[in-house]
Structures are given as structure tokens and as C-alpha cells.
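Have a look at query.csv; it's CSV, C-alpha atoms:
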```csv
chain,number,residue,atom,x,y,z
A,18,ASN,CA,28.4,-146.5,107.0
A,19,ALA,CA,29.9,-143.1,105.9
A,20,GLY,CA,28.6,-140.1,107.7
A,21,VAL,CA,28.8,-137.9,110.8
A,22,THR,CA,29.2,-139.6,114.2
A,23,GLN,CA,28.3,-137.7,117.3
A,24,THR,CA,28.9,-138.9,120.9
A,25,PRO,CA,27.3,-139.0,123.4
A,26,LYS,CA,23.6,-139.2,122.4
A,27,PHE,CA,22.4,-138.1,125.8
A,28,GLN,CA,24.1,-136.3,128.6
A,29,VAL,CA,23.1,-134.8,131.9
A,30,LEU,CA,25.4,-132.2,133.5
A,31,LYS,CA,25.3,-130.2,136.7
A,32,THR,CA,25.6,-126.5,136.5
A,33,GLY,CA,29.2,-125.5,136.3
A,34,GLN,CA,30.5,-128.8,134.9
A,35,SER,CA,32.4,-128.9,131.6
A,36,MET,CA,32.3,-131.5,128.9
A,37,THR,CA,33.1,-132.1,125.2
A,38,LEU,CA,30.7,-133.2,122.6
A,39,GLN,CA,32.5,-135.3,120.0
A,40,CYS,CA,31.9,-135.1,116.2
A,41,ALA,CA,33.7,-137.0,113.5
A,42,GLN,CA,33.1,-137.4,109.8
A,43,ASP,CA,34.6,-139.7,107.3
A,44,MET,CA,33.6,-138.0,104.1
A,45,ASN,CA,36.6,-135.7,103.8
A,46,HIS,CA,34.3,-132.7,104.1
A,47,GLU,CA,36.0,-129.4,104.6
A,48,TYR,CA,33.1,-127.6,106.2
A,49,MET,CA,31.8,-128.5,109.6
A,50,SER,CA,29.4,-126.8,111.9
A,51,TRP,CA,27.7,-127.1,115.3
A,52,TYR,CA,24.1,-126.1,115.7
A,53,ARG,CA,21.8,-126.1,118.7
A,54,GLN,CA,18.1,-126.8,118.4
A,55,ASP,CA,15.7,-125.4,121.0
A,56,PRO,CA,11.9,-126.0,120.9
A,57,GLY,CA,10.2,-123.6,118.5
A,58,MET,CA,13.4,-121.9,117.4
A,59,GLY,CA,14.8,-124.1,114.6
A,60,LEU,CA,18.6,-124.5,114.4
A,61,ARG,CA,21.0,-121.9,115.4
A,62,LEU,CA,24.7,-121.9,114.5
A,63,ILE,CA,27.2,-122.0,117.4
A,64,HIS,CA,30.6,-122.4,115.7
A,65,TYR,CA,31.8,-123.5,112.3
A,66,SER,CA,35.0,-124.5,110.5
A,67,VAL,CA,36.1,-124.3,106.9
A,68,GLY,CA,39.1,-126.6,107.4
A,69,ALA,CA,41.7,-127.9,109.8
A,70,GLY,CA,43.0,-125.1,112.0
A,71,ILE,CA,40.3,-122.6,111.0
A,72,THR,CA,37.2,-121.9,113.1
A,73,ASP,CA,34.9,-119.0,113.6
A,74,GLN,CA,31.9,-118.0,115.6
A,75,GLY,CA,28.3,-118.4,114.6
A,76,GLU,CA,25.2,-116.8,115.9
A,77,VAL,CA,25.3,-118.1,119.5
A,78,PRO,CA,28.9,-118.8,120.5
A,79,ASN,CA,29.0,-117.7,124.1
A,80,GLY,CA,29.9,-120.5,126.5
A,81,TYR,CA,31.3,-122.8,123.8
A,82,ASN,CA,34.7,-123.5,122.4
A,83,VAL,CA,35.8,-125.5,119.3
A,84,SER,CA,39.0,-126.6,117.7
A,85,ARG,CA,39.7,-128.4,114.4
A,86,SER,CA,43.0,-130.1,114.5
A,87,THR,CA,42.1,-132.6,111.7
A,88,THR,CA,39.7,-132.6,108.8
A,89,GLU,CA,37.7,-135.4,110.4
A,90,ASP,CA,37.1,-134.1,114.0
A,91,PHE,CA,35.3,-131.1,115.3
A,92,PRO,CA,34.7,-131.3,119.0
A,93,LEU,CA,32.5,-128.8,120.9
A,94,ARG,CA,33.5,-127.9,124.4
A,95,LEU,CA,31.1,-126.5,127.0
A,96,LEU,CA,33.2,-124.5,129.4
A,97,SER,CA,30.9,-124.2,132.4
A,98,ALA,CA,27.5,-125.6,131.8
A,99,ALA,CA,24.4,-123.5,132.5
A,100,PRO,CA,20.7,-124.4,132.4
A,101,SER,CA,20.3,-122.2,129.3
A,102,GLN,CA,22.5,-124.6,127.4
A,103,THR,CA,20.0,-127.4,127.7
A,104,SER,CA,19.3,-128.2,124.1
A,105,VAL,CA,19.8,-130.7,121.3
A,106,TYR,CA,23.2,-130.3,119.6
A,107,PHE,CA,23.8,-131.2,116.0
A,108,CYS,CA,27.1,-131.5,114.2
A,109,ALA,CA,26.9,-131.2,110.4
A,110,SER,CA,29.4,-131.3,107.5
A,111,ARG,CA,29.4,-130.6,103.8
A,112,GLU,CA,31.8,-130.3,100.9
A,113,SER,CA,33.5,-127.0,100.3
A,114,GLY,CA,32.6,-126.7,96.6
A,115,ARG,CA,29.1,-126.8,95.2
A,116,ASN,CA,26.6,-126.7,98.1
A,117,TYR,CA,24.8,-130.1,98.2
A,118,GLY,CA,23.5,-129.5,101.7
A,119,TYR,CA,24.6,-130.8,105.1
A,120,THR,CA,25.0,-134.3,106.3
A,121,PHE,CA,24.0,-134.2,110.0
A,122,GLY,CA,25.0,-136.3,112.9
A,123,SER,CA,22.2,-137.9,115.0
A,124,GLY,CA,22.4,-135.2,117.7
A,125,THR,CA,23.2,-135.0,121.4
A,126,ARG,CA,20.4,-134.2,123.9
A,127,LEU,CA,22.0,-132.3,126.7
A,128,THR,CA,20.3,-131.4,130.0
A,129,VAL,CA,21.9,-129.1,132.5
A,130,VAL,CA,20.4,-129.2,136.0
B,8,ALA,CA,21.7,-111.3,107.7
B,9,GLN,CA,19.3,-113.5,105.8
B,10,THR,CA,16.1,-114.6,107.5
B,11,VAL,CA,13.9,-117.7,106.8
B,12,THR,CA,10.3,-117.7,107.8
B,13,GLN,CA,8.0,-120.7,108.0
B,14,SER,CA,4.6,-119.4,108.8
B,15,GLN,CA,2.9,-122.7,109.5
B,16,PRO,CA,4.0,-124.2,112.9
B,17,GLU,CA,1.7,-127.2,112.5
B,18,MET,CA,-0.1,-128.9,109.6
B,19,SER,CA,-1.9,-132.2,109.0
B,20,VAL,CA,-2.8,-134.1,106.0
B,21,GLN,CA,-4.7,-137.4,105.2
B,22,GLU,CA,-2.7,-140.3,104.0
B,23,ALA,CA,-2.4,-140.3,100.1
B,24,GLU,CA,-3.3,-136.6,99.8
B,25,THR,CA,-1.1,-133.7,98.9
B,26,VAL,CA,0.2,-131.0,101.2
B,27,THR,CA,2.2,-127.8,100.7
B,28,LEU,CA,4.6,-126.3,103.3
B,29,SER,CA,5.4,-122.6,103.0
B,30,CYS,CA,8.7,-120.9,103.3
B,31,THR,CA,9.8,-117.3,102.6
B,32,TYR,CA,13.3,-115.8,102.9
B,33,ASP,CA,15.0,-112.5,102.7
B,34,THR,CA,18.2,-111.8,100.9
B,35,SER,CA,19.7,-109.1,98.7
B,36,GLU,CA,22.0,-111.6,96.8
B,37,ASN,CA,21.4,-113.5,93.6
B,38,ASN,CA,23.4,-116.6,94.1
B,39,TYR,CA,22.3,-118.9,96.9
B,40,TYR,CA,20.8,-122.3,97.7
B,41,LEU,CA,17.6,-123.4,99.4
B,42,PHE,CA,16.9,-126.6,101.1
B,43,TRP,CA,14.2,-128.6,102.8
B,44,TYR,CA,15.3,-130.9,105.7
B,45,LYS,CA,13.1,-133.5,107.4
B,46,GLN,CA,13.4,-134.4,111.1
B,47,PRO,CA,11.3,-137.4,112.0
B,48,PRO,CA,10.7,-138.4,115.7
B,49,SER,CA,14.1,-140.2,115.6
B,50,ARG,CA,15.6,-136.7,115.6
B,51,GLN,CA,17.9,-137.4,112.6
B,52,MET,CA,18.0,-134.5,110.1
B,53,ILE,CA,17.6,-135.6,106.6
B,54,LEU,CA,18.0,-133.6,103.4
B,55,VAL,CA,14.9,-133.8,101.3
B,56,ILE,CA,15.4,-131.5,98.4
B,57,ARG,CA,17.7,-128.8,97.2
B,58,GLN,CA,17.3,-125.8,94.8
B,59,GLU,CA,20.0,-123.6,93.3
B,60,ALA,CA,18.7,-120.0,92.9
B,61,TYR,CA,20.1,-119.6,89.4
B,62,LYS,CA,18.1,-122.5,88.1
B,63,GLN,CA,14.6,-121.6,87.1
B,64,GLN,CA,13.4,-125.2,87.0
B,65,ASN,CA,11.8,-126.4,90.2
B,66,ALA,CA,13.6,-129.3,91.9
B,67,THR,CA,11.8,-132.6,92.2
B,68,GLU,CA,12.7,-135.7,94.2
B,69,ASN,CA,10.2,-138.5,93.8
B,70,ARG,CA,7.0,-137.4,95.8
B,71,PHE,CA,8.7,-134.1,96.9
B,72,SER,CA,8.8,-131.0,94.7
B,73,VAL,CA,9.3,-127.3,95.3
B,74,ASN,CA,7.7,-124.2,94.0
B,75,PHE,CA,10.6,-121.7,93.8
B,76,GLN,CA,9.5,-118.1,93.2
B,77,LYS,CA,12.7,-116.1,93.2
B,78,ALA,CA,11.1,-112.6,92.8
B,79,ALA,CA,8.7,-113.3,95.6
B,80,LYS,CA,11.5,-115.0,97.7
B,81,SER,CA,9.2,-118.0,98.3
B,82,PHE,CA,10.2,-121.6,98.4
B,83,SER,CA,7.4,-124.0,99.2
B,84,LEU,CA,7.5,-127.8,99.5
B,85,LYS,CA,4.8,-130.0,98.0
B,86,ILE,CA,4.5,-133.6,99.2
B,87,SER,CA,2.3,-135.7,97.0
B,88,ASP,CA,0.7,-139.0,98.0
B,89,SER,CA,1.5,-138.4,101.6
B,90,GLN,CA,2.6,-141.4,103.6
B,91,LEU,CA,2.6,-142.1,107.4
B,92,GLY,CA,6.4,-142.0,107.3
B,93,ASP,CA,6.3,-138.4,106.1
B,94,THR,CA,5.2,-137.4,109.6
B,95,ALA,CA,8.1,-135.2,110.8
B,96,MET,CA,9.2,-131.6,111.4
B,97,TYR,CA,10.3,-129.9,108.2
B,98,PHE,CA,12.9,-127.2,108.1
B,99,CYS,CA,13.5,-124.7,105.3
B,100,ALA,CA,17.1,-123.5,105.1
B,101,PHE,CA,19.0,-120.9,103.1
B,102,SER,CA,22.7,-120.8,102.3
B,103,TYR,CA,25.2,-118.8,100.3
B,104,ASN,CA,27.9,-120.8,98.6
B,105,THR,CA,30.4,-118.4,99.9
B,106,ASN,CA,30.8,-117.3,103.6
B,107,ALA,CA,31.6,-120.9,104.5
B,108,GLY,CA,28.2,-122.0,103.3
B,109,LYS,CA,26.6,-121.3,106.7
B,110,SER,CA,22.9,-122.1,106.6
B,111,THR,CA,20.1,-120.2,108.2
B,112,PHE,CA,17.1,-122.3,109.2
B,113,GLY,CA,13.4,-121.5,109.7
B,114,ASP,CA,11.7,-122.5,112.9
B,115,GLY,CA,10.1,-125.6,111.3
B,116,THR,CA,6.7,-126.9,110.4
B,117,THR,CA,5.4,-130.0,112.2
B,118,LEU,CA,3.6,-132.2,109.7
B,119,THR,CA,1.3,-135.0,110.8
B,120,VAL,CA,0.0,-137.5,108.3
B,121,LYS,CA,-3.2,-139.1,109.4
B,122,PRO,CA,-4.3,-142.6,108.4
```

Mind turning this structure into C-alpha cells?
Amino acid sequence: NAGVTQTPKFQVLKTGQSMTLQCAQDMNHEYMSWYRQDPGMGLRLIHYSVGAGITDQGEVPNGYNVSRSTTEDFPLRLLSAAPSQTSVYFCASRESGRNYGYTFGSGTRLTVV
Amino acid sequence: AQTVTQSQPEMSVQEAETVTLSCTYDTSENNYYLFWYKQPPSRQMILVIRQEAYKQQNATENRFSVNFQKAAKSFSLKISDSQLGDTAMYFCAFSYNTNAGKSTFGDGTTLTVKP
């Protein structure tokens, strides 16, 4: 099925470890974004991209890096995991023209101990 | 920056009844989009309904409809004939079509449909 694929679905990290959350979409969407969801706080934008080779920071970018080498892939890297990064992470994509809303991945639940 | 406020953290409704979820937002622009997303216990975020600000007609999708009051900056979601499968968290979201279309989300309303 077409859509946004996120891996892994669950992950436990130790403080200081690094890891990459993978995101891939097969809808040829130009726009891709990473959000984190914390209890009672809705979704907050971490980083976003408007096309291959172009990324920018969102509301809460500290501790995360992104790159966009292809239209399909938009990985999120945690540089040195901290307990404050315990959250659910969502990747989302949408077309660059008229805004029909996001298609979301199924999310990654990350726990940092 | 725009803000989105959902003032009802939790709501409940009896099966087959109607419920309305509230959302207000703040912007100085005229051209924008508003959305309601549903997040069931499975965690998957699903687009429920979409409204373009320049359209005066309220959007409708089957049992879901909105009451869009542009001057009041209000965007409520009405769910008619509530079903058990409507139990979920509902997020209101705001987006410009420019600025990479980044969306700002409210904190969500947890809706429980009771049998």
C-alpha cells in the first residue's frame, strides 16, 4: 500500500546513544516533516524538508539532525539520546501544491533510559 | 506564530448521539487551511476533514462536519451518529499553504464513545 513507512516502531536507548529513525514515502510528495508527540502537548515540529537537498528547523530541533538525499527518504538522527527525547515520533508527508493535509507514518515510540 | 487551542481535554458521548469538539486559532493571515485529525488507540494519525479558509461553505465528510467561523477564528468538529470506532484523540491543525505548509497542532481532545 502507498503511504509513509517508519521504522522501527519501538526503540529503547540508553542515555548518550545515537540512532536513526527511518522514514520513506512512495507518493512522490515534496514536503516531509518530523513531529514529536508528548503527552498533553499535541505534535511539535522537529525538522522539515521541502524537497531533496533542502531541510530546515522546526519548533524543537535541538538534539536532532536530518538530511534529504532523495524525494522518498527523510531520516531523523538522534545525536546523543537524552531522557527528554522519550516521545512518540511521527514522520509525515504531503504534496507541495494545494494543501490536502498530511499522510502520517505509524509512529516510533522511543524510550531513553 | 499561529496558535491552535482545543479547550476540551476530554469528552464523552453515547453511541448514536452527536458531539461537537471545539477549536480556536490565531492568525493574521487570510489564506490558510484547517484540519481535523483522528488518532485512535492504534496511534495512527488519520485525516478526518479539511477546510480551506477562502471557502465559506463548511466541509462535510459523511458523519463528520465542521462549523467554520472565520471572523471568530473558530473551527469546531461535529460527529453525528457517534460510533464506538470514533473513540480516539482528535487534533485540530492549522497550516498556511506557503512556508512549506508546516502545520501547528492543538493539544488534542480525547473522545470516548460509550455503548

Tell me which protein, DNA and RNA residues are within 9 Å of Lys80 in chain B, counting only C-alpha atoms, leaving out same-chain ones fewer than 5 positions away, and put them as JSON, numbers by chain.
{"B": [30, 31, 32, 33, 34, 75]}

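Counting all atoms listed in the file, the residue from A:Asn82, A:Ser101, A:Asn45, A:Gln28 that sits nearest to Gly124 in chain A is A:Gln28.
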
Residue list for chain A near chain B as a PDB file with C-alpha atoms, in the coordinates of the input, 9 Å, only C-alpha atoms:
```pdb
ATOM      1  CA  TYR A  48      33.100-127.600 106.200  1.00  0.00           C
ATOM      2  CA  SER A  50      29.400-126.800 111.900  1.00  0.00           C
ATOM      3  CA  PRO A  56      11.900-126.000 120.900  1.00  0.00           C
ATOM      4  CA  GLY A  57      10.200-123.600 118.500  1.00  0.00           C
ATOM      5  CA  MET A  58      13.400-121.900 117.400  1.00  0.00           C
ATOM      6  CA  GLY A  59      14.800-124.100 114.600  1.00  0.00           C
ATOM      7  CA  LEU A  60      18.600-124.500 114.400  1.00  0.00           C
ATOM      8  CA  ARG A  61      21.000-121.900 115.400  1.00  0.00           C
ATOM      9  CA  LEU A  62      24.700-121.900 114.500  1.00  0.00           C
ATOM     10  CA  TYR A  65      31.800-123.500 112.300  1.00  0.00           C
ATOM     11  CA  SER A  66      35.000-124.500 110.500  1.00  0.00           C
ATOM     12  CA  VAL A  67      36.100-124.300 106.900  1.00  0.00           C
ATOM     13  CA  GLY A  75      28.300-118.400 114.600  1.00  0.00           C
ATOM     14  CA  PHE A 107      23.800-131.200 116.000  1.00  0.00           C
ATOM     15  CA  ARG A 111      29.400-130.600 103.800  1.00  0.00           C
ATOM     16  CA  SER A 113      33.500-127.000 100.300  1.00  0.00           C
ATOM     17  CA  GLY A 114      32.600-126.700  96.600  1.00  0.00           C
ATOM     18  CA  ARG A 115      29.100-126.800  95.200  1.00  0.00           C
ATOM     19  CA  ASN A 116      26.600-126.700  98.100  1.00  0.00           C
ATOM     20  CA  TYR A 117      24.800-130.100  98.200  1.00  0.00           C
ATOM     21  CA  GLY A 118      23.500-129.500 101.700  1.00  0.00           C
ATOM     22  CA  TYR A 119      24.600-130.800 105.100  1.00  0.00           C
ATOM     23  CA  THR A 120      25.000-134.300 106.300  1.00  0.00           C
ATOM     24  CA  PHE A 121      24.000-134.200 110.000  1.00  0.00           C
ATOM     25  CA  GLY A 122      25.000-136.300 112.900  1.00  0.00           C
ATOM     26  CA  SER A 123      22.200-137.900 115.000  1.00  0.00           C
ATOM     27  CA  GLY A 124      22.400-135.200 117.700  1.00  0.00           C
TER      28      GLY A 124
END
```

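Here CA of Glu112 in chain A is placed at a distance of 28.7 Å from CA of Gly92 in chain B.
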
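Atom to atom, CA of Thr88 in chain A and CA of Lys26 in chain A stand 22.1 Å apart.
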
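CA of Trp51 in chain A lies 7.0 Å from CA of Tyr106 in chain A.
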
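Remark: for Thr128 in chain A, the closest of the candidate residues A:Met36, A:Ser97, A:Val21, A:Lys31 is A:Lys31 (distances computed over all atoms listed in the file).
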
Return the single residue from A:Ser84, A:Ser104, A:Gln34, A:Gln39 that is closest to Tyr52 in chain A, with distances computed using only C-alpha atoms.
A:Ser104

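In terms of minimum interatomic distance to Ala41 in chain A, A:Ala19 ranks closest within A:Leu96, A:Ile63, A:Ala19, A:Val130, counting all atoms listed in the file.
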
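With only C-alpha atoms taken into account, the protein and nucleic acid residues at most 8 Å from Pro47 in chain B (excluding it and anything under 6 positions from it in its own chain) are Asp93, Thr94, Ala95 and Met96 of chain B.
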
Need the neighbours of (40.2, -135.5, 112.6): which residues are at most 10 Å away, counting all atoms listed in the file, as a PyMOL selection string?
chain A and resi 40-43+45+69+85-92

Residue contacts of Leu28 in chain B (9 Å, only C-alpha atoms) excluding same-chain residues fewer than 4 positions away, as a PyMOL selection string:
chain B and resi 13-15+18+82-86+97+116+118

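Nearest-residue note for Leu95 in chain A: choosing from A:Ile71, A:Thr32, A:Glu76, A:Glu47, the minimum distance belongs to A:Thr32, counting all atoms listed in the file.
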